[in-house]
>>> print(open('structure00.txt').read())   # compact mmCIF, C-alpha atoms
# COMPACT_ATOMS: atom_id res chain seq x y z
CA MET A 1 115.21 136.94 236.56
CA SER A 2 114.09 134.49 233.90
CA ALA A 3 112.68 135.97 230.72
CA LEU A 4 109.66 133.71 231.16
CA ALA A 5 108.92 134.85 234.73
CA ALA A 6 105.57 136.48 235.26
CA PRO A 7 105.71 140.22 236.00
CA THR A 8 105.25 141.10 239.65
CA ALA A 9 102.41 143.34 240.77
CA PRO A 10 103.39 146.92 241.60
CA THR A 11 104.13 147.52 245.27
CA LEU A 12 102.84 150.40 247.37
CA SER A 13 106.14 152.24 246.92
CA ASP A 14 105.77 151.81 243.15
CA ARG A 15 102.32 153.38 243.29
CA LEU A 16 103.11 156.28 245.63
CA PRO A 17 104.43 158.77 243.01
CA GLY A 18 101.38 158.42 240.76
CA LEU A 19 98.93 158.34 243.68
CA GLY A 20 100.57 161.41 245.20
CA LEU A 21 100.28 163.30 241.91
CA ALA A 22 96.62 162.32 241.45
CA LEU A 23 95.82 163.27 245.07
CA ALA A 24 97.54 166.65 244.79
CA ILE A 25 95.66 167.58 241.63
CA ALA A 26 92.40 166.18 243.06
CA LEU A 27 92.73 168.37 246.15
CA ALA A 28 93.06 171.44 243.92
CA ALA A 29 90.07 170.27 241.86
CA TRP A 30 88.02 169.64 245.02
CA TRP A 31 88.80 173.16 246.30
CA LEU A 32 88.00 174.77 242.96
CA GLY A 33 84.85 172.66 242.64
CA HIS A 34 83.43 174.14 245.84
CA ARG A 35 83.97 177.60 244.42
CA ALA A 36 82.52 176.72 241.03
CA PRO A 37 79.76 174.18 241.86
CA LEU A 38 78.14 174.58 238.46
CA VAL A 39 81.23 172.95 236.95
CA GLY A 40 82.08 170.69 239.89
CA GLY A 41 85.20 168.98 241.20
CA PRO A 42 85.02 165.89 238.93
CA VAL A 43 85.04 167.97 235.74
CA ILE A 44 87.81 170.22 237.04
CA GLY A 45 89.81 167.16 238.11
CA ILE A 46 89.66 165.47 234.74
CA VAL A 47 90.44 168.75 232.94
CA LEU A 48 93.44 169.46 235.18
CA GLY A 49 94.61 165.88 234.70
CA ILE A 50 94.39 166.22 230.93
CA LEU A 51 96.28 169.53 231.03
CA VAL A 52 99.10 168.05 233.12
CA ARG A 53 99.27 164.90 230.98
CA ASN A 54 99.52 166.87 227.74
CA THR A 55 101.79 169.72 228.83
CA ALA A 56 104.24 167.99 231.17
CA ALA A 57 103.61 164.26 230.77
CA PRO A 58 104.48 162.33 233.97
CA GLY A 59 107.32 159.83 233.55
CA PRO A 60 106.98 156.02 233.67
CA ARG A 61 107.46 155.91 237.46
CA PHE A 62 104.07 157.63 237.88
CA ALA A 63 102.20 155.06 235.76
CA PRO A 64 101.49 152.36 238.44
CA GLY A 65 99.89 154.83 240.85
CA ILE A 66 97.89 156.60 238.14
CA GLN A 67 96.55 153.27 236.88
CA PHE A 68 95.68 152.22 240.44
CA ALA A 69 93.79 155.46 241.08
CA GLY A 70 91.93 155.20 237.78
CA LYS A 71 90.75 151.62 238.48
CA GLN A 72 90.78 150.53 242.13
CA VAL A 73 90.04 153.96 243.61
CA LEU A 74 87.28 154.29 241.04
CA GLN A 75 85.64 151.12 242.34
CA TRP A 76 86.03 152.22 245.96
CA SER A 77 84.22 155.46 245.14
CA ILE A 78 81.24 153.56 243.70
CA ILE A 79 81.06 151.34 246.81
CA ALA A 80 81.21 154.40 249.06
CA LEU A 81 78.30 155.97 247.17
CA GLY A 82 76.21 152.96 248.20
CA PHE A 83 76.30 154.10 251.83
CA GLY A 84 74.34 157.20 250.80
CA LEU A 85 71.61 155.37 248.89
CA SER A 86 68.72 154.08 250.98
CA LEU A 87 66.77 151.41 249.13
CA ASP A 88 63.69 152.18 251.25
CA GLN A 89 63.73 155.83 250.24
CA VAL A 90 64.08 154.96 246.59
CA ALA A 91 61.37 152.29 246.65
CA LYS A 92 58.84 154.58 248.34
CA THR A 93 58.59 157.16 245.56
CA GLY A 94 60.79 155.65 242.89
CA LEU A 95 58.09 153.33 241.56
CA GLU A 96 56.09 156.40 240.55
CA SER A 97 58.87 157.45 238.18
CA LEU A 98 59.94 153.98 237.05
CA SER A 99 57.95 153.97 233.81
CA VAL A 100 59.46 157.28 232.69
CA THR A 101 62.93 156.21 233.82
CA LEU A 102 62.78 152.93 231.89
CA VAL A 103 61.60 154.67 228.72
CA THR A 104 64.28 157.36 228.88
CA MET A 105 66.97 154.77 229.63
CA SER A 106 65.89 152.63 226.68
CA THR A 107 65.76 155.73 224.49
CA ALA A 108 69.31 156.65 225.50
CA PHE A 109 70.71 153.25 224.59
CA LEU A 110 68.81 153.05 221.30
CA ALA A 111 69.84 156.60 220.35
CA ALA A 112 73.47 155.91 221.29
CA TRP A 113 73.48 152.77 219.15
CA GLY A 114 71.65 154.22 216.15
CA LEU A 115 73.16 157.70 216.09
CA GLY A 116 76.59 156.37 217.03
CA ARG A 117 76.46 153.97 214.12
CA ALA A 118 75.40 156.75 211.75
CA LEU A 119 78.23 158.98 212.97
CA GLY A 120 80.79 156.19 212.85
CA VAL A 121 81.58 156.30 216.59
CA HIS A 122 83.15 153.06 217.83
CA ASP A 123 81.34 150.69 220.20
CA GLN A 124 83.10 151.44 223.50
CA LEU A 125 82.58 155.19 223.21
CA LYS A 126 78.94 154.61 222.26
CA VAL A 127 78.48 152.50 225.41
CA LEU A 128 80.15 155.11 227.62
CA ILE A 129 78.09 158.02 226.29
CA GLY A 130 74.89 155.94 226.28
CA VAL A 131 75.36 154.75 229.87
CA GLY A 132 76.41 158.20 231.07
CA THR A 133 73.34 159.84 229.54
CA ALA A 134 70.91 157.06 230.47
CA ILE A 135 71.79 156.67 234.13
CA CYS A 136 73.99 159.00 236.14
CA GLY A 137 76.70 160.73 234.15
CA GLY A 138 80.27 160.36 235.34
CA SER A 139 79.39 157.87 238.08
CA ALA A 140 77.84 155.47 235.55
CA ILE A 141 80.79 155.85 233.21
CA ALA A 142 83.06 155.17 236.17
CA ALA A 143 81.08 152.05 237.04
CA VAL A 144 81.21 150.45 233.58
CA THR A 145 84.82 151.39 232.83
CA PRO A 146 86.34 148.41 234.71
CA ILE A 147 84.00 146.10 232.79
CA ILE A 148 84.40 147.17 229.16
CA LYS A 149 87.99 148.48 229.66
CA PRO A 150 87.96 151.40 227.18
CA ASP A 151 91.00 153.49 226.31
CA GLU A 152 91.65 156.25 228.85
CA HIS A 153 91.07 159.00 226.30
CA ASP A 154 87.65 157.50 225.45
CA THR A 155 86.66 157.61 229.12
CA ALA A 156 87.91 161.18 229.44
CA PHE A 157 86.10 162.21 226.27
CA ALA A 158 82.82 160.61 227.37
CA ILE A 159 82.93 162.20 230.82
CA SER A 160 83.80 165.61 229.39
CA THR A 161 80.96 165.34 226.87
CA ILE A 162 78.43 164.28 229.52
CA PHE A 163 79.40 167.09 231.89
CA LEU A 164 79.24 169.64 229.08
CA PHE A 165 75.56 168.90 228.66
CA ASN A 166 75.08 168.81 232.44
CA VAL A 167 76.16 172.44 232.60
CA VAL A 168 73.85 173.34 229.70
CA ALA A 169 70.96 171.51 231.41
CA VAL A 170 71.37 173.36 234.71
CA LEU A 171 71.07 176.67 232.86
CA LEU A 172 68.44 175.67 230.30
CA PHE A 173 66.01 173.28 232.03
CA PRO A 174 64.52 175.70 234.62
CA LEU A 175 63.94 178.30 231.90
CA LEU A 176 62.26 175.76 229.62
CA GLY A 177 60.26 174.37 232.55
CA HIS A 178 58.76 177.78 233.30
CA LEU A 179 58.08 178.43 229.60
CA MET A 180 56.19 175.10 229.42
CA HIS A 181 54.44 175.83 232.76
CA LEU A 182 55.48 172.47 234.21
CA SER A 183 54.24 171.57 237.68
CA ASP A 184 56.78 171.09 240.46
CA LEU A 185 56.47 167.30 240.26
CA GLY A 186 56.47 167.40 236.46
CA PHE A 187 59.68 169.38 236.37
CA GLY A 188 61.23 167.24 239.10
CA LEU A 189 60.47 164.10 237.10
CA TRP A 190 61.84 165.69 233.93
CA ALA A 191 65.05 166.86 235.61
CA GLY A 192 65.52 163.58 237.47
CA THR A 193 65.19 161.48 234.31
CA ALA A 194 66.84 163.73 231.72
CA ILE A 195 69.81 165.39 233.48
CA ASN A 196 72.81 163.15 233.96
CA ASP A 197 74.83 164.00 237.07
CA THR A 198 73.26 164.06 240.54
CA SER A 199 74.71 167.46 241.42
CA SER A 200 73.28 168.93 238.22
CA VAL A 201 69.86 167.37 238.91
CA VAL A 202 69.86 168.89 242.39
CA ALA A 203 70.99 172.29 241.10
CA ALA A 204 68.33 172.43 238.37
CA GLY A 205 65.56 171.00 240.58
CA TYR A 206 65.99 173.37 243.51
CA SER A 207 66.43 176.38 241.22
CA TYR A 208 62.91 175.61 239.97
CA SER A 209 61.33 175.07 243.39
CA HIS A 210 61.97 173.25 246.66
CA ALA A 211 59.30 170.63 245.88
CA ALA A 212 60.76 170.07 242.42
CA GLY A 213 64.22 169.64 243.93
CA ASP A 214 63.05 167.07 246.49
CA TYR A 215 61.24 165.02 243.87
CA ALA A 216 64.03 165.27 241.30
CA THR A 217 66.57 164.00 243.83
CA ILE A 218 64.54 160.89 244.67
CA VAL A 219 63.90 160.18 240.98
CA LYS A 220 67.62 160.49 240.35
CA LEU A 221 68.42 158.04 243.16
CA THR A 222 66.02 155.51 241.62
CA ARG A 223 67.66 156.00 238.25
CA ALA A 224 71.11 155.52 239.78
CA THR A 225 70.20 152.04 241.07
CA LEU A 226 69.73 150.87 237.48
CA ILE A 227 73.51 150.94 237.05
CA ILE A 228 73.54 147.58 238.86
CA PRO A 229 71.60 145.52 236.26
CA VAL A 230 73.30 147.46 233.45
CA CYS A 231 76.76 146.60 234.79
CA ILE A 232 75.87 142.94 235.25
CA THR A 233 74.41 142.78 231.72
CA LEU A 234 77.53 144.36 230.25
CA ALA A 235 79.73 141.96 232.21
CA VAL A 236 77.84 138.96 230.80
CA MET A 237 78.06 140.39 227.26
CA VAL A 238 81.81 140.94 227.58
CA ALA A 239 82.23 137.44 228.98
CA MET A 240 80.28 135.90 226.09
CA ARG A 241 82.34 137.86 223.57
CA GLU A 242 85.56 136.62 225.15
CA LYS A 243 84.29 133.05 225.08
CA LYS A 244 83.36 133.33 221.39
CA LYS A 245 86.87 134.55 220.64
CA GLY A 246 88.15 131.37 222.25
CA ALA A 247 89.95 133.08 225.11
CA SER A 248 91.70 130.31 227.02
CA ASP A 249 91.65 132.30 230.27
CA PHE A 250 87.92 133.06 230.06
CA SER A 251 86.31 133.32 233.50
CA LEU A 252 82.97 134.87 234.41
CA LYS A 253 84.19 135.12 238.00
CA ARG A 254 87.15 137.21 236.84
CA ILE A 255 85.08 139.61 234.74
CA PHE A 256 82.08 139.94 237.10
CA PRO A 257 81.87 143.49 238.56
CA TRP A 258 82.26 142.50 242.23
CA PHE A 259 82.40 146.13 243.30
CA ILE A 260 78.73 146.41 242.32
CA LEU A 261 77.96 143.59 244.77
CA TRP A 262 79.76 145.54 247.51
CA PHE A 263 77.81 148.63 246.44
CA LEU A 264 74.62 146.66 247.16
CA VAL A 265 76.00 145.57 250.54
CA ALA A 266 76.77 149.20 251.40
CA SER A 267 73.31 150.32 250.31
CA ALA A 268 71.70 147.51 252.33
CA ALA A 269 73.67 148.62 255.39
CA ARG A 270 72.34 152.15 254.96
CA THR A 271 68.80 150.83 254.51
CA ALA A 272 69.07 148.67 257.65
CA GLY A 273 70.12 151.68 259.70
CA LEU A 274 73.64 150.36 260.30
CA VAL A 275 75.22 153.59 259.07
CA PRO A 276 74.92 156.33 261.74
CA VAL A 277 73.23 159.46 260.45
CA ALA A 278 76.02 161.60 261.90
CA ILE A 279 78.70 160.10 259.64
CA GLN A 280 76.65 159.88 256.42
CA PRO A 281 77.69 163.35 255.19
CA SER A 282 81.35 162.45 255.79
CA ILE A 283 80.99 159.19 253.84
CA HIS A 284 79.28 161.02 250.99
CA GLY A 285 82.03 163.63 250.97
CA ALA A 286 84.68 160.91 250.94
CA ALA A 287 82.93 159.18 248.01
CA GLU A 288 82.83 162.43 246.05
CA PHE A 289 86.52 163.04 246.71
CA LEU A 290 87.45 159.50 245.66
CA ILE A 291 85.58 160.08 242.39
CA ILE A 292 87.59 163.28 241.86
CA VAL A 293 90.84 161.37 242.52
CA ALA A 294 89.85 158.60 240.10
CA LEU A 295 88.72 160.97 237.35
CA THR A 296 91.87 163.06 237.81
CA ALA A 297 93.88 159.87 237.24
CA ILE A 298 91.86 159.13 234.11
CA GLY A 299 92.68 162.65 232.91
CA LEU A 300 96.36 162.01 233.64
CA SER A 301 96.13 158.95 231.37
CA ALA A 302 94.30 160.69 228.52
CA ASN A 303 96.06 161.48 225.27
CA LEU A 304 94.64 164.80 224.09
CA ARG A 305 95.93 164.27 220.56
CA LYS A 306 93.85 161.11 220.26
CA MET A 307 90.80 162.91 221.67
CA ILE A 308 91.17 165.74 219.13
CA ALA A 309 91.65 163.18 216.37
CA SER A 310 88.22 161.76 217.29
CA GLY A 311 86.68 164.95 215.88
CA PRO A 312 83.25 166.40 216.69
CA ARG A 313 81.33 163.14 216.25
CA PRO A 314 81.36 162.06 219.93
CA ILE A 315 80.06 165.50 220.97
CA LEU A 316 77.32 165.29 218.34
CA LEU A 317 76.49 161.82 219.67
CA GLY A 318 76.26 163.15 223.23
CA LEU A 319 74.02 166.01 222.09
CA GLY A 320 71.74 163.70 220.13
CA VAL A 321 71.35 161.17 222.93
CA TRP A 322 70.75 163.87 225.53
CA ALA A 323 68.10 165.57 223.36
CA ALA A 324 66.37 162.23 222.73
CA VAL A 325 66.21 161.51 226.47
CA ALA A 326 64.90 164.98 227.33
CA VAL A 327 62.14 164.82 224.71
CA SER A 328 61.15 161.22 225.53
CA SER A 329 60.76 162.10 229.22
CA LEU A 330 58.33 164.90 228.40
CA LEU A 331 56.40 162.75 225.92
CA VAL A 332 55.90 159.90 228.42
CA GLN A 333 54.74 162.35 231.09
CA LEU A 334 52.31 163.85 228.59
CA VAL A 335 50.91 160.41 227.75
CA ILE A 336 50.46 159.35 231.39
CA GLY A 337 49.15 162.77 232.45
CA ARG A 338 51.97 163.75 234.79
CA LEU A 339 52.81 167.20 233.37
>>> encode(input="structure00.txt", output="structure tokens")
Amino acid sequence: MSALAAPTAPTLSDRLPGLGLALAIALAAWWLGHRAPLVGGPVIGIVLGILVRNTAAPGPRFAPGIQFAGKQVLQWSIIALGFGLSLDQVAKTGLESLSVTLVTMSTAFLAAWGLGRALGVHDQLKVLIGVGTAICGGSAIAAVTPIIKPDEHDTAFAISTIFLFNVVAVLLFPLLGHLMHLSDLGFGLWAGTAINDTSSVVAAGYSYSHAAGDYATIVKLTRATLIIPVCITLAVMVAMREKKKGASDFSLKRIFPWFILWFLVASAARTAGLVPVAIQPSIHGAAEFLIIVALTAIGLSANLRKMIASGPRPILLGLGVWAAVAVSSLLVQLVIGRL
């Protein structure tokens, strides 16, 4: 083969070893996640992946499949989530929470930028932690990863940090809600706008009351839809940065997050009633499993030594952004008389 020949794309057989490893670990994480729902399969998957990567690093033949699972499977999982998100359901009650959601989202991004700058955290990790806290935890981080293309250990660190505070929120929010004598809707709005991951929102909401859980879930769904404009905005910013650098292969079409468009198509299909109710739980379960597979692959790509070398600053950033979002949600509710 000529030295100037372009490298060929990996074949299915090239990807099988890495995909098989990611699937095997993801199955274990999925099983353990059902027995420890407070932690959840995605967190267990990424932790198991990191442990395998840093104790018995897979050889080069596993790399194509691991990379495929961490990118393409990741995008498939986001598209699959769209089949479980009815735009009608979100629009009906989501407008009531939109003002609080927009304030908390803006607060998260401003806090991530300002505090991240003060702590000396680099831009990509600031974006990952800001997006994860502002919108929907690991799913949001998964959605923006193909756009900003961070290092694998940054993605793993951000997801681990976000889920750490998810666990704290599930334990702490109901207690604080009762101490503050929040109404069911007030607590549901607080949990839906200030807790990151959907499963954690549901766990905290329903532990407070059934009404709080119902409301928190709908608020969270509304919040999750904001990943679409955020992803498109980030894609345009990355494209402009590439153009300024004089990249000869610059192409907005190449960098546009097309999987978000397919997410919208999936959500529209659900809204139009084209997705039978009987198969919706199966689709949701498949989406959750694909996320576990993708995050396991990200864990298998993460260099723990680099993560440790990052020090405590990313965790402090995650704590600061999360606290800012939680407080801003309560303050806005107090101002508009929703508590």
>>> atom_distance(input="structure00.txt", atom1="atom CA of Ile44 of chain A", atom2="atom CA of Pro17 of chain A")
21.0 Å
>>> residues_around(input="structure00.txt", residues="segment 176-185 of chain A", least_positions_apart="4", cutoff="9 Å", atoms="all atoms listed in the file", output="list in words")
Leu172, Leu189, Trp190, Gly205, Tyr208, Ser209, His210, Ala211, Ala212, Gly213, Tyr215, Ala216, Arg338 and Leu339 of chain A
>>> closest_residue(input="structure00.txt", among="A:Arg117, A:His122, A:Arg270, A:Lys71", to="Ser301 of chain A", atoms="only C-alpha atoms")
A:Lys71
>>> atom_distance(input="structure00.txt", atom1="atom CA of Leu330 of chain A", atom2="atom CA of Thr107 of chain A")
12.4 Å
>>> atom_distance(input="structure00.txt", atom1="atom CA of Leu115 of chain A", atom2="atom CA of Val127 of chain A")
11.9 Å
>>> closest_residue(input="structure00.txt", among="A:Pro58, A:Gly65, A:Gly299, A:Pro42", to="Leu12 of chain A", atoms="only C-alpha atoms")
A:Gly65
>>> residues_near_point(input="structure00.txt", point="(82.5, 143.1, 226.7)", cutoff="12 Å", atoms="all atoms listed in the file", output="MDAnalysis selection string")
chainID A and resid 123:124 127 144:150 231:245 250 252 255:257
>>> decode(input="structure00.txt", residues="segment 46-82 of chain A", atoms="N, CA and C atoms", output="PDB file, in the first residue's frame")
ATOM      1  N   ILE A  46     -19.480   3.309  33.670  1.00  0.00           N
ATOM      2  CA  ILE A  46     -18.278   4.111  33.455  1.00  0.00           C
ATOM      3  C   ILE A  46     -17.204   3.787  34.493  1.00  0.00           C
ATOM      4  N   VAL A  47     -17.631   3.466  35.728  1.00  0.00           N
ATOM      5  CA  VAL A  47     -16.653   3.095  36.763  1.00  0.00           C
ATOM      6  C   VAL A  47     -15.994   1.758  36.425  1.00  0.00           C
ATOM      7  N   LEU A  48     -16.803   0.776  36.014  1.00  0.00           N
ATOM      8  CA  LEU A  48     -16.231  -0.519  35.634  1.00  0.00           C
ATOM      9  C   LEU A  48     -15.291  -0.367  34.435  1.00  0.00           C
ATOM     10  N   GLY A  49     -15.690   0.474  33.477  1.00  0.00           N
ATOM     11  CA  GLY A  49     -14.836   0.716  32.321  1.00  0.00           C
ATOM     12  C   GLY A  49     -13.503   1.315  32.712  1.00  0.00           C
ATOM     13  N   ILE A  50     -13.544   2.283  33.617  1.00  0.00           N
ATOM     14  CA  ILE A  50     -12.308   2.913  34.089  1.00  0.00           C
ATOM     15  C   ILE A  50     -11.432   1.900  34.817  1.00  0.00           C
ATOM     16  N   LEU A  51     -12.055   1.048  35.642  1.00  0.00           N
ATOM     17  CA  LEU A  51     -11.289   0.038  36.380  1.00  0.00           C
ATOM     18  C   LEU A  51     -10.592  -0.935  35.433  1.00  0.00           C
ATOM     19  N   VAL A  52     -11.327  -1.405  34.417  1.00  0.00           N
ATOM     20  CA  VAL A  52     -10.734  -2.328  33.442  1.00  0.00           C
ATOM     21  C   VAL A  52      -9.615  -1.636  32.679  1.00  0.00           C
ATOM     22  N   ARG A  53      -9.858  -0.411  32.229  1.00  0.00           N
ATOM     23  CA  ARG A  53      -8.873   0.333  31.430  1.00  0.00           C
ATOM     24  C   ARG A  53      -7.571   0.545  32.212  1.00  0.00           C
ATOM     25  N   ASN A  54      -7.679   0.750  33.521  1.00  0.00           N
ATOM     26  CA  ASN A  54      -6.505   1.135  34.291  1.00  0.00           C
ATOM     27  C   ASN A  54      -5.911   0.006  35.128  1.00  0.00           C
ATOM     28  N   THR A  55      -6.496  -1.199  35.031  1.00  0.00           N
ATOM     29  CA  THR A  55      -5.895  -2.356  35.694  1.00  0.00           C
ATOM     30  C   THR A  55      -5.424  -3.400  34.697  1.00  0.00           C
ATOM     31  N   ALA A  56      -6.166  -3.554  33.599  1.00  0.00           N
ATOM     32  CA  ALA A  56      -5.767  -4.504  32.551  1.00  0.00           C
ATOM     33  C   ALA A  56      -6.127  -3.871  31.211  1.00  0.00           C
ATOM     34  N   ALA A  57      -5.359  -2.871  30.808  1.00  0.00           N
ATOM     35  CA  ALA A  57      -5.673  -2.074  29.624  1.00  0.00           C
ATOM     36  C   ALA A  57      -5.875  -2.947  28.392  1.00  0.00           C
ATOM     37  N   PRO A  58      -7.020  -2.829  27.710  1.00  0.00           N
ATOM     38  CA  PRO A  58      -7.242  -3.602  26.474  1.00  0.00           C
ATOM     39  C   PRO A  58      -6.204  -3.242  25.411  1.00  0.00           C
ATOM     40  N   GLY A  59      -5.807  -4.224  24.619  1.00  0.00           N
ATOM     41  CA  GLY A  59      -4.804  -4.013  23.578  1.00  0.00           C
ATOM     42  C   GLY A  59      -5.338  -3.202  22.410  1.00  0.00           C
ATOM     43  N   PRO A  60      -4.486  -2.882  21.449  1.00  0.00           N
ATOM     44  CA  PRO A  60      -4.876  -2.047  20.296  1.00  0.00           C
ATOM     45  C   PRO A  60      -6.032  -2.624  19.475  1.00  0.00           C
ATOM     46  N   ARG A  61      -6.184  -3.950  19.459  1.00  0.00           N
ATOM     47  CA  ARG A  61      -7.254  -4.531  18.640  1.00  0.00           C
ATOM     48  C   ARG A  61      -8.651  -4.194  19.186  1.00  0.00           C
ATOM     49  N   PHE A  62      -8.722  -3.759  20.444  1.00  0.00           N
ATOM     50  CA  PHE A  62     -10.017  -3.390  21.027  1.00  0.00           C
ATOM     51  C   PHE A  62     -10.395  -1.936  20.713  1.00  0.00           C
ATOM     52  N   ALA A  63      -9.415  -1.142  20.281  1.00  0.00           N
ATOM     53  CA  ALA A  63      -9.634   0.304  20.130  1.00  0.00           C
ATOM     54  C   ALA A  63     -10.743   0.668  19.142  1.00  0.00           C
ATOM     55  N   PRO A  64     -10.806   0.070  17.922  1.00  0.00           N
ATOM     56  CA  PRO A  64     -11.870   0.482  16.981  1.00  0.00           C
ATOM     57  C   PRO A  64     -13.276   0.299  17.531  1.00  0.00           C
ATOM     58  N   GLY A  65     -13.537  -0.822  18.191  1.00  0.00           N
ATOM     59  CA  GLY A  65     -14.870  -1.076  18.734  1.00  0.00           C
ATOM     60  C   GLY A  65     -15.200  -0.177  19.904  1.00  0.00           C
ATOM     61  N   ILE A  66     -14.203   0.090  20.760  1.00  0.00           N
ATOM     62  CA  ILE A  66     -14.426   0.979  21.904  1.00  0.00           C
ATOM     63  C   ILE A  66     -14.733   2.386  21.419  1.00  0.00           C
ATOM     64  N   GLN A  67     -13.982   2.854  20.425  1.00  0.00           N
ATOM     65  CA  GLN A  67     -14.238   4.182  19.864  1.00  0.00           C
ATOM     66  C   GLN A  67     -15.615   4.255  19.212  1.00  0.00           C
ATOM     67  N   PHE A  68     -16.008   3.203  18.515  1.00  0.00           N
ATOM     68  CA  PHE A  68     -17.327   3.162  17.874  1.00  0.00           C
ATOM     69  C   PHE A  68     -18.432   3.241  18.929  1.00  0.00           C
ATOM     70  N   ALA A  69     -18.291   2.474  19.999  1.00  0.00           N
ATOM     71  CA  ALA A  69     -19.309   2.477  21.055  1.00  0.00           C
ATOM     72  C   ALA A  69     -19.377   3.831  21.752  1.00  0.00           C
ATOM     73  N   GLY A  70     -18.237   4.472  21.933  1.00  0.00           N
ATOM     74  CA  GLY A  70     -18.215   5.750  22.628  1.00  0.00           C
ATOM     75  C   GLY A  70     -18.721   6.913  21.790  1.00  0.00           C
ATOM     76  N   LYS A  71     -18.844   6.733  20.466  1.00  0.00           N
ATOM     77  CA  LYS A  71     -19.298   7.818  19.591  1.00  0.00           C
ATOM     78  C   LYS A  71     -20.624   7.471  18.914  1.00  0.00           C
ATOM     79  N   GLN A  72     -20.606   6.489  17.997  1.00  0.00           N
ATOM     80  CA  GLN A  72     -21.832   6.171  17.257  1.00  0.00           C
ATOM     81  C   GLN A  72     -22.937   5.638  18.155  1.00  0.00           C
ATOM     82  N   VAL A  73     -22.605   4.699  19.039  1.00  0.00           N
ATOM     83  CA  VAL A  73     -23.630   4.147  19.939  1.00  0.00           C
ATOM     84  C   VAL A  73     -24.175   5.239  20.841  1.00  0.00           C
ATOM     85  N   LEU A  74     -23.308   6.163  21.225  1.00  0.00           N
ATOM     86  CA  LEU A  74     -23.724   7.306  22.027  1.00  0.00           C
ATOM     87  C   LEU A  74     -24.807   8.101  21.309  1.00  0.00           C
ATOM     88  N   GLN A  75     -24.600   8.370  20.024  1.00  0.00           N
ATOM     89  CA  GLN A  75     -25.582   9.127  19.260  1.00  0.00           C
ATOM     90  C   GLN A  75     -26.878   8.346  19.092  1.00  0.00           C
ATOM     91  N   TRP A  76     -26.770   7.039  18.872  1.00  0.00           N
ATOM     92  CA  TRP A  76     -27.981   6.219  18.760  1.00  0.00           C
ATOM     93  C   TRP A  76     -28.809   6.290  20.041  1.00  0.00           C
ATOM     94  N   SER A  77     -28.138   6.298  21.180  1.00  0.00           N
ATOM     95  CA  SER A  77     -28.861   6.331  22.455  1.00  0.00           C
ATOM     96  C   SER A  77     -29.648   7.626  22.602  1.00  0.00           C
ATOM     97  N   ILE A  78     -29.068   8.748  22.152  1.00  0.00           N
ATOM     98  CA  ILE A  78     -29.770  10.026  22.230  1.00  0.00           C
ATOM     99  C   ILE A  78     -30.995  10.018  21.319  1.00  0.00           C
ATOM    100  N   ILE A  79     -30.844   9.471  20.112  1.00  0.00           N
ATOM    101  CA  ILE A  79     -31.982   9.376  19.179  1.00  0.00           C
ATOM    102  C   ILE A  79     -33.091   8.516  19.785  1.00  0.00           C
ATOM    103  N   ALA A  80     -32.698   7.390  20.378  1.00  0.00           N
ATOM    104  CA  ALA A  80     -33.690   6.494  20.974  1.00  0.00           C
ATOM    105  C   ALA A  80     -34.454   7.171  22.111  1.00  0.00           C
ATOM    106  N   LEU A  81     -33.779   8.045  22.860  1.00  0.00           N
ATOM    107  CA  LEU A  81     -34.458   8.763  23.940  1.00  0.00           C
ATOM    108  C   LEU A  81     -35.578   9.647  23.396  1.00  0.00           C
ATOM    109  N   GLY A  82     -35.426  10.103  22.153  1.00  0.00           N
ATOM    110  CA  GLY A  82     -36.450  10.953  21.552  1.00  0.00           C
ATOM    111  C   GLY A  82     -37.795  10.273  21.440  1.00  0.00           C
TER     112      GLY A  82
END
